[in-house]
Amino acid sequence: MNDKIGQIDLPNELKEIMGESSWEENSIGCSKARVFKCIVEENVHYLKIDEIDSIFSLEREKIILDWLVRKLEVPEVIYFGQKENNEFLLLSEIQGEVSFKAKTNNEKRRNIKILADGLKKIHSIPISTCPIDNSLDKLLQLAKQRMESKEIDSSQFDERWSFKKPEEVFDEIVKLKPTKLDLVFTHGDYCLPNILVKEGKISGFVDWSWGGISDRYFDFAAVIWSIGYNYGDEWVKYFIEDYGIDNFDWDKLRFFQMLNEFFQQ
């Protein structure tokens with residue numbers, strides 16, 4: 001095993017767990033962490049490495065994954081630790097194909113039904129003991145902090161508002177802030193690469209650094225954007241139909257999609 005991955009020194013305990021393993025960097029997924037597929041004594045694990053102060057907190061993901069044990073099909077946390085400026089999260093493998101891999105319209109239609117059913121399952125988990133609160137005020141406060149510290153690059157915004165400055169987008173977000181919330185347990189980054197499918201069924205959900213209590217439109221914003229990006233906007237209506245949403249709130253969707261821009265960089 002190479003004890004240094006791109007000049008990142010691994011914690012000693014993690015080195016002992018990994019032993020003489022083989023490594024392959026994985027580029028699939030929405031997480032901004034570096035992800036490595038590792039073969040450890042014939043078992044497949046995934047190692048995520050990110051900076052401690054990253055917006056995509058591996059410690060937060062570890063907390064949510066531990067809470068989700070026996071509640072949902074999620075990876076097992078094998079190891080979590082920190083060294084110098086980095087966090088390390090070692091996870092078990094969940095077998096399956098990422099859900100954006102659909103070659104035919106029938107496969108796309110099947111996957112959208114799977115996505116809707118999976119999200120309904122996530123949203124049905126009781127929130128009374130959930131350890132992470134992604135309330136609207138907390139998300140807005142974090143977005144404002146990142147904007148004021150000049151961490152947001154408007155050139156990376158969706159084309160619908162890429163011509164606006166971060167301050168202009170934030171002002172519109174504040175104006176669109178919903179007055180009625182529907183709080184549920186949310187994934188926080190429910191996009192197609194984070195949903196695994198095997199034999200026509202969901203086999204697992206990955207990338208949980210934004211998991212927690214929030215409005216269900218926090219997830220709608222991610223999945224509807226992802227369906228449009230991977231399959232085409234004409235497929236969005238099927239997700240809304242399969243989830244069973246009456247009187248879909250497009251203003252609330254726009255609010256969360258604009259707000260998400262402040263957490264993707």
# chains A, B, ... in the order shown; residues from 1 in each chain; ligands from 1
call {"tool": "select_by_dssp", "arguments": {"residues": "stretch 20-151 of chain A", "states": "alpha helix (DSSP H)", "output": "PyMOL selection string"}}
result
chain A and resi 58-68+105-123+136-148
call {"tool": "closest_atom_pairs", "arguments": {"of": "stretch 57-113 of chain A", "to": "stretch 33-49 of chain A", "cutoff": "6 Å", "atoms": "only C-alpha atoms", "output": "Markdown table"}}
result
| residue | atom | partner | partner_atom | distance |
| --- | --- | --- | --- | --- |
| A:Glu87 | CA | A:Ile49 | CA | 5.7 |
| A:Phe88 | CA | A:Ile49 | CA | 4.8 |
| A:Leu89 | CA | A:Lys48 | CA | 5.1 |
| A:Leu90 | CA | A:Leu47 | CA | 4.4 |
| A:Leu91 | CA | A:Tyr46 | CA | 5.1 |
| A:Ser92 | CA | A:His45 | CA | 4.7 |
| A:Glu93 | CA | A:His45 | CA | 5.3 |
call {"tool": "write_last_selection", "arguments": {"atoms": "C-alpha atoms", "output": "mmCIF file, in the first residue's frame"}}
result
data_model
loop_
_atom_site.group_PDB
_atom_site.id
_atom_site.type_symbol
_atom_site.label_atom_id
_atom_site.label_comp_id
_atom_site.auth_asym_id
_atom_site.auth_seq_id
_atom_site.Cartn_x
_atom_site.Cartn_y
_atom_site.Cartn_z
ATOM 1 C CA GLU A 87 -10.347 13.882 7.383
ATOM 2 C CA PHE A 88 -10.479 10.199 6.424
ATOM 3 C CA LEU A 89 -13.636 8.100 6.115
ATOM 4 C CA LEU A 90 -13.404 4.414 5.199
ATOM 5 C CA LEU A 91 -16.676 2.813 4.097
ATOM 6 C CA SER A 92 -17.915 -0.610 3.082
ATOM 7 C CA GLU A 93 -18.981 -1.256 -0.500
#
call {"tool": "closest_atom_pairs", "arguments": {"of": "stretch 87-181 of chain A", "to": "stretch 187-198 of chain A", "cutoff": "9 Å", "atoms": "only C-alpha atoms", "output": "CSV"}}
result
residue,atom,partner,partner_atom,distance
A:Ile94,CA,A:Leu196,CA,7.8
A:Gln95,CA,A:Lys198,CA,7.3
A:Gly96,CA,A:Lys198,CA,4.7
A:Glu97,CA,A:Val197,CA,5.2
A:Val98,CA,A:Leu196,CA,4.6
A:Ser99,CA,A:Leu192,CA,5.2
A:Phe100,CA,A:Leu192,CA,5.3
A:Lys101,CA,A:Pro193,CA,8.8
A:Asn111,CA,A:Val197,CA,8.2
A:Ile114,CA,A:Val197,CA,8.3
A:Leu115,CA,A:Ile195,CA,7.6
A:Gly118,CA,A:Ile195,CA,8.5
A:Leu119,CA,A:Tyr190,CA,8.0
A:Ile122,CA,A:His187,CA,7.3
A:His123,CA,A:His187,CA,8.5
A:Asn134,CA,A:Gly188,CA,8.8
call {"tool": "residues_around", "arguments": {"residues": "A:Ser57", "least_positions_apart": "6", "cutoff": "10 Å", "atoms": "only C-alpha atoms", "output": "list in words"}}
result
Lys32, Ala33, Asp50, Glu51, Glu87, Trp208, Ser209 and Trp210 of chain A
call {"tool": "write_last_selection", "arguments": {"atoms": "C-alpha atoms", "output": "JSON list (two decimals), in the first residue's frame"}}
result
[["chain", "number", "residue", "atom", "x", "y", "z"],
["A", 32, "LYS", "CA", -16.03, 16.89, -3.69],
["A", 33, "ALA", "CA", -13.88, 14.60, -1.53],
["A", 50, "ASP", "CA", -11.12, 15.74, 2.34],
["A", 51, "GLU", "CA", -9.85, 18.82, 4.14],
["A", 87, "GLU", "CA", -10.35, 13.88, 7.38],
["A", 208, "TRP", "CA", -24.35, 11.82, 3.09],
["A", 209, "SER", "CA", -22.35, 14.89, 4.10],
["A", 210, "TRP", "CA", -25.49, 17.05, 3.79]]
call {"tool": "closest_residue", "arguments": {"among": "A:Arg60, A:Arg70, A:Arg254, A:Lys150", "to": "A:Leu176", "atoms": "only C-alpha atoms"}}
result
A:Arg254
call {"tool": "atom_distance", "arguments": {"atom1": "atom CA of A:Asp133", "atom2": "atom CA of A:Glu61"}}
result
12.8 Å
call {"tool": "closest_residue", "arguments": {"among": "A:Leu142, A:Val236, A:Leu136, A:Leu68", "to": "A:Tyr217", "atoms": "only C-alpha atoms"}}
result
A:Leu136
call {"tool": "closest_residue", "arguments": {"among": "A:Asp53, A:Asp117, A:Asp233, A:Asp215", "to": "A:Val184", "atoms": "only C-alpha atoms"}}
result
A:Asp215
call {"tool": "decode", "arguments": {"residues": "stretch 24-71 of chain A", "atoms": "N, CA and C atoms", "output": "PDB file, in the first residue's frame"}}
result
ATOM      1  N   GLU A  24      -7.472   2.467  -6.286  1.00  0.00           N
ATOM      2  CA  GLU A  24      -7.866   3.037  -7.574  1.00  0.00           C
ATOM      3  C   GLU A  24      -8.752   4.250  -7.297  1.00  0.00           C
ATOM      4  N   GLU A  25      -8.373   5.425  -7.818  1.00  0.00           N
ATOM      5  CA  GLU A  25      -9.181   6.625  -7.563  1.00  0.00           C
ATOM      6  C   GLU A  25     -10.483   6.560  -8.346  1.00  0.00           C
ATOM      7  N   ASN A  26     -11.564   6.949  -7.678  1.00  0.00           N
ATOM      8  CA  ASN A  26     -12.906   6.873  -8.247  1.00  0.00           C
ATOM      9  C   ASN A  26     -13.407   8.292  -8.518  1.00  0.00           C
ATOM     10  N   SER A  27     -13.890   8.546  -9.735  1.00  0.00           N
ATOM     11  CA  SER A  27     -14.328   9.898 -10.101  1.00  0.00           C
ATOM     12  C   SER A  27     -15.839  10.027 -10.192  1.00  0.00           C
ATOM     13  N   ILE A  28     -16.586   8.931  -9.959  1.00  0.00           N
ATOM     14  CA  ILE A  28     -18.047   8.979 -10.064  1.00  0.00           C
ATOM     15  C   ILE A  28     -18.633   9.462  -8.744  1.00  0.00           C
ATOM     16  N   GLY A  29     -19.614  10.342  -8.823  1.00  0.00           N
ATOM     17  CA  GLY A  29     -20.296  10.814  -7.624  1.00  0.00           C
ATOM     18  C   GLY A  29     -20.281  12.322  -7.514  1.00  0.00           C
ATOM     19  N   CYS A  30     -21.121  12.836  -6.634  1.00  0.00           N
ATOM     20  CA  CYS A  30     -21.251  14.290  -6.470  1.00  0.00           C
ATOM     21  C   CYS A  30     -20.367  14.832  -5.357  1.00  0.00           C
ATOM     22  N   SER A  31     -19.763  13.959  -4.566  1.00  0.00           N
ATOM     23  CA  SER A  31     -18.939  14.421  -3.467  1.00  0.00           C
ATOM     24  C   SER A  31     -17.693  15.118  -3.995  1.00  0.00           C
ATOM     25  N   LYS A  32     -17.261  16.184  -3.312  1.00  0.00           N
ATOM     26  CA  LYS A  32     -16.032  16.885  -3.689  1.00  0.00           C
ATOM     27  C   LYS A  32     -14.808  16.264  -3.007  1.00  0.00           C
ATOM     28  N   ALA A  33     -15.000  15.289  -2.150  1.00  0.00           N
ATOM     29  CA  ALA A  33     -13.878  14.598  -1.534  1.00  0.00           C
ATOM     30  C   ALA A  33     -13.182  13.715  -2.563  1.00  0.00           C
ATOM     31  N   ARG A  34     -11.893  13.435  -2.332  1.00  0.00           N
ATOM     32  CA  ARG A  34     -11.215  12.421  -3.143  1.00  0.00           C
ATOM     33  C   ARG A  34     -11.676  11.054  -2.658  1.00  0.00           C
ATOM     34  N   VAL A  35     -12.012  10.190  -3.603  1.00  0.00           N
ATOM     35  CA  VAL A  35     -12.554   8.881  -3.259  1.00  0.00           C
ATOM     36  C   VAL A  35     -11.705   7.804  -3.924  1.00  0.00           C
ATOM     37  N   PHE A  36     -11.311   6.794  -3.129  1.00  0.00           N
ATOM     38  CA  PHE A  36     -10.489   5.704  -3.634  1.00  0.00           C
ATOM     39  C   PHE A  36     -11.193   4.365  -3.397  1.00  0.00           C
ATOM     40  N   LYS A  37     -11.226   3.550  -4.432  1.00  0.00           N
ATOM     41  CA  LYS A  37     -11.689   2.172  -4.293  1.00  0.00           C
ATOM     42  C   LYS A  37     -10.496   1.330  -3.843  1.00  0.00           C
ATOM     43  N   CYS A  38     -10.659   0.629  -2.733  1.00  0.00           N
ATOM     44  CA  CYS A  38      -9.550  -0.114  -2.136  1.00  0.00           C
ATOM     45  C   CYS A  38      -9.939  -1.578  -1.967  1.00  0.00           C
ATOM     46  N   ILE A  39      -9.033  -2.458  -2.329  1.00  0.00           N
ATOM     47  CA  ILE A  39      -9.222  -3.892  -2.109  1.00  0.00           C
ATOM     48  C   ILE A  39      -8.408  -4.290  -0.887  1.00  0.00           C
ATOM     49  N   VAL A  40      -9.108  -4.631   0.187  1.00  0.00           N
ATOM     50  CA  VAL A  40      -8.460  -4.971   1.448  1.00  0.00           C
ATOM     51  C   VAL A  40      -8.804  -6.419   1.782  1.00  0.00           C
ATOM     52  N   GLU A  41      -7.821  -7.301   1.660  1.00  0.00           N
ATOM     53  CA  GLU A  41      -8.039  -8.731   1.932  1.00  0.00           C
ATOM     54  C   GLU A  41      -9.288  -9.233   1.202  1.00  0.00           C
ATOM     55  N   GLU A  42      -9.357  -8.939  -0.092  1.00  0.00           N
ATOM     56  CA  GLU A  42     -10.429  -9.354  -1.002  1.00  0.00           C
ATOM     57  C   GLU A  42     -11.768  -8.649  -0.746  1.00  0.00           C
ATOM     58  N   ASN A  43     -11.811  -7.717   0.202  1.00  0.00           N
ATOM     59  CA  ASN A  43     -13.012  -6.929   0.451  1.00  0.00           C
ATOM     60  C   ASN A  43     -12.852  -5.549  -0.178  1.00  0.00           C
ATOM     61  N   VAL A  44     -13.923  -5.065  -0.788  1.00  0.00           N
ATOM     62  CA  VAL A  44     -13.894  -3.745  -1.416  1.00  0.00           C
ATOM     63  C   VAL A  44     -14.348  -2.692  -0.403  1.00  0.00           C
ATOM     64  N   HIS A  45     -13.518  -1.674  -0.209  1.00  0.00           N
ATOM     65  CA  HIS A  45     -13.864  -0.537   0.636  1.00  0.00           C
ATOM     66  C   HIS A  45     -13.695   0.730  -0.192  1.00  0.00           C
ATOM     67  N   TYR A  46     -14.266   1.813   0.317  1.00  0.00           N
ATOM     68  CA  TYR A  46     -14.076   3.123  -0.308  1.00  0.00           C
ATOM     69  C   TYR A  46     -13.541   4.085   0.737  1.00  0.00           C
ATOM     70  N   LEU A  47     -12.433   4.726   0.393  1.00  0.00           N
ATOM     71  CA  LEU A  47     -11.812   5.696   1.288  1.00  0.00           C
ATOM     72  C   LEU A  47     -12.044   7.098   0.747  1.00  0.00           C
ATOM     73  N   LYS A  48     -12.631   7.951   1.591  1.00  0.00           N
ATOM     74  CA  LYS A  48     -12.864   9.348   1.232  1.00  0.00           C
ATOM     75  C   LYS A  48     -11.896  10.216   2.030  1.00  0.00           C
ATOM     76  N   ILE A  49     -11.276  11.157   1.336  1.00  0.00           N
ATOM     77  CA  ILE A  49     -10.312  12.064   1.957  1.00  0.00           C
ATOM     78  C   ILE A  49     -10.702  13.486   1.603  1.00  0.00           C
ATOM     79  N   ASP A  50     -10.792  14.348   2.601  1.00  0.00           N
ATOM     80  CA  ASP A  50     -11.116  15.745   2.337  1.00  0.00           C
ATOM     81  C   ASP A  50     -10.486  16.608   3.423  1.00  0.00           C
ATOM     82  N   GLU A  51     -10.399  17.894   3.154  1.00  0.00           N
ATOM     83  CA  GLU A  51      -9.846  18.817   4.138  1.00  0.00           C
ATOM     84  C   GLU A  51     -10.828  18.992   5.298  1.00  0.00           C
ATOM     85  N   ILE A  52     -10.286  19.180   6.492  1.00  0.00           N
ATOM     86  CA  ILE A  52     -11.119  19.273   7.699  1.00  0.00           C
ATOM     87  C   ILE A  52     -12.113  20.413   7.599  1.00  0.00           C
ATOM     88  N   ASP A  53     -11.714  21.535   7.004  1.00  0.00           N
ATOM     89  CA  ASP A  53     -12.618  22.685   6.933  1.00  0.00           C
ATOM     90  C   ASP A  53     -13.453  22.705   5.653  1.00  0.00           C
ATOM     91  N   SER A  54     -13.530  21.580   4.943  1.00  0.00           N
ATOM     92  CA  SER A  54     -14.326  21.510   3.721  1.00  0.00           C
ATOM     93  C   SER A  54     -15.813  21.679   4.024  1.00  0.00           C
ATOM     94  N   ILE A  55     -16.529  22.276   3.091  1.00  0.00           N
ATOM     95  CA  ILE A  55     -17.976  22.403   3.214  1.00  0.00           C
ATOM     96  C   ILE A  55     -18.645  21.029   3.202  1.00  0.00           C
ATOM     97  N   PHE A  56     -17.958  20.030   2.603  1.00  0.00           N
ATOM     98  CA  PHE A  56     -18.461  18.659   2.560  1.00  0.00           C
ATOM     99  C   PHE A  56     -17.804  17.868   3.697  1.00  0.00           C
ATOM    100  N   SER A  57     -18.347  18.006   4.895  1.00  0.00           N
ATOM    101  CA  SER A  57     -17.719  17.462   6.099  1.00  0.00           C
ATOM    102  C   SER A  57     -17.841  15.938   6.169  1.00  0.00           C
ATOM    103  N   LEU A  58     -16.696  15.259   6.220  1.00  0.00           N
ATOM    104  CA  LEU A  58     -16.723  13.798   6.378  1.00  0.00           C
ATOM    105  C   LEU A  58     -17.125  13.407   7.793  1.00  0.00           C
ATOM    106  N   GLU A  59     -16.821  14.256   8.768  1.00  0.00           N
ATOM    107  CA  GLU A  59     -17.261  13.972  10.131  1.00  0.00           C
ATOM    108  C   GLU A  59     -18.787  14.009  10.208  1.00  0.00           C
ATOM    109  N   ARG A  60     -19.390  14.982   9.553  1.00  0.00           N
ATOM    110  CA  ARG A  60     -20.850  15.064   9.527  1.00  0.00           C
ATOM    111  C   ARG A  60     -21.444  13.850   8.818  1.00  0.00           C
ATOM    112  N   GLU A  61     -20.794  13.404   7.738  1.00  0.00           N
ATOM    113  CA  GLU A  61     -21.270  12.213   7.027  1.00  0.00           C
ATOM    114  C   GLU A  61     -21.171  10.980   7.918  1.00  0.00           C
ATOM    115  N   LYS A  62     -20.090  10.873   8.678  1.00  0.00           N
ATOM    116  CA  LYS A  62     -19.912   9.743   9.594  1.00  0.00           C
ATOM    117  C   LYS A  62     -21.024   9.721  10.633  1.00  0.00           C
ATOM    118  N   ILE A  63     -21.373  10.887  11.173  1.00  0.00           N
ATOM    119  CA  ILE A  63     -22.432  10.977  12.187  1.00  0.00           C
ATOM    120  C   ILE A  63     -23.760  10.496  11.618  1.00  0.00           C
ATOM    121  N   ILE A  64     -24.088  10.959  10.408  1.00  0.00           N
ATOM    122  CA  ILE A  64     -25.357  10.560   9.786  1.00  0.00           C
ATOM    123  C   ILE A  64     -25.365   9.077   9.452  1.00  0.00           C
ATOM    124  N   LEU A  65     -24.266   8.543   8.931  1.00  0.00           N
ATOM    125  CA  LEU A  65     -24.218   7.119   8.579  1.00  0.00           C
ATOM    126  C   LEU A  65     -24.380   6.237   9.811  1.00  0.00           C
ATOM    127  N   ASP A  66     -23.751   6.622  10.908  1.00  0.00           N
ATOM    128  CA  ASP A  66     -23.926   5.853  12.146  1.00  0.00           C
ATOM    129  C   ASP A  66     -25.384   5.874  12.594  1.00  0.00           C
ATOM    130  N   TRP A  67     -26.039   7.007  12.438  1.00  0.00           N
ATOM    131  CA  TRP A  67     -27.446   7.134  12.838  1.00  0.00           C
ATOM    132  C   TRP A  67     -28.365   6.316  11.939  1.00  0.00           C
ATOM    133  N   LEU A  68     -27.973   6.157  10.668  1.00  0.00           N
ATOM    134  CA  LEU A  68     -28.817   5.464   9.689  1.00  0.00           C
ATOM    135  C   LEU A  68     -28.681   3.940   9.715  1.00  0.00           C
ATOM    136  N   VAL A  69     -27.783   3.427  10.531  1.00  0.00           N
ATOM    137  CA  VAL A  69     -27.625   1.972  10.613  1.00  0.00           C
ATOM    138  C   VAL A  69     -28.971   1.321  10.943  1.00  0.00           C
ATOM    139  N   ARG A  70     -29.336   0.327  10.163  1.00  0.00           N
ATOM    140  CA  ARG A  70     -30.596  -0.433  10.285  1.00  0.00           C
ATOM    141  C   ARG A  70     -31.829   0.390   9.923  1.00  0.00           C
ATOM    142  N   LYS A  71     -31.634   1.604   9.453  1.00  0.00           N
ATOM    143  CA  LYS A  71     -32.761   2.409   8.977  1.00  0.00           C
ATOM    144  C   LYS A  71     -32.838   2.448   7.462  1.00  0.00           C
TER     145      LYS A  71
END
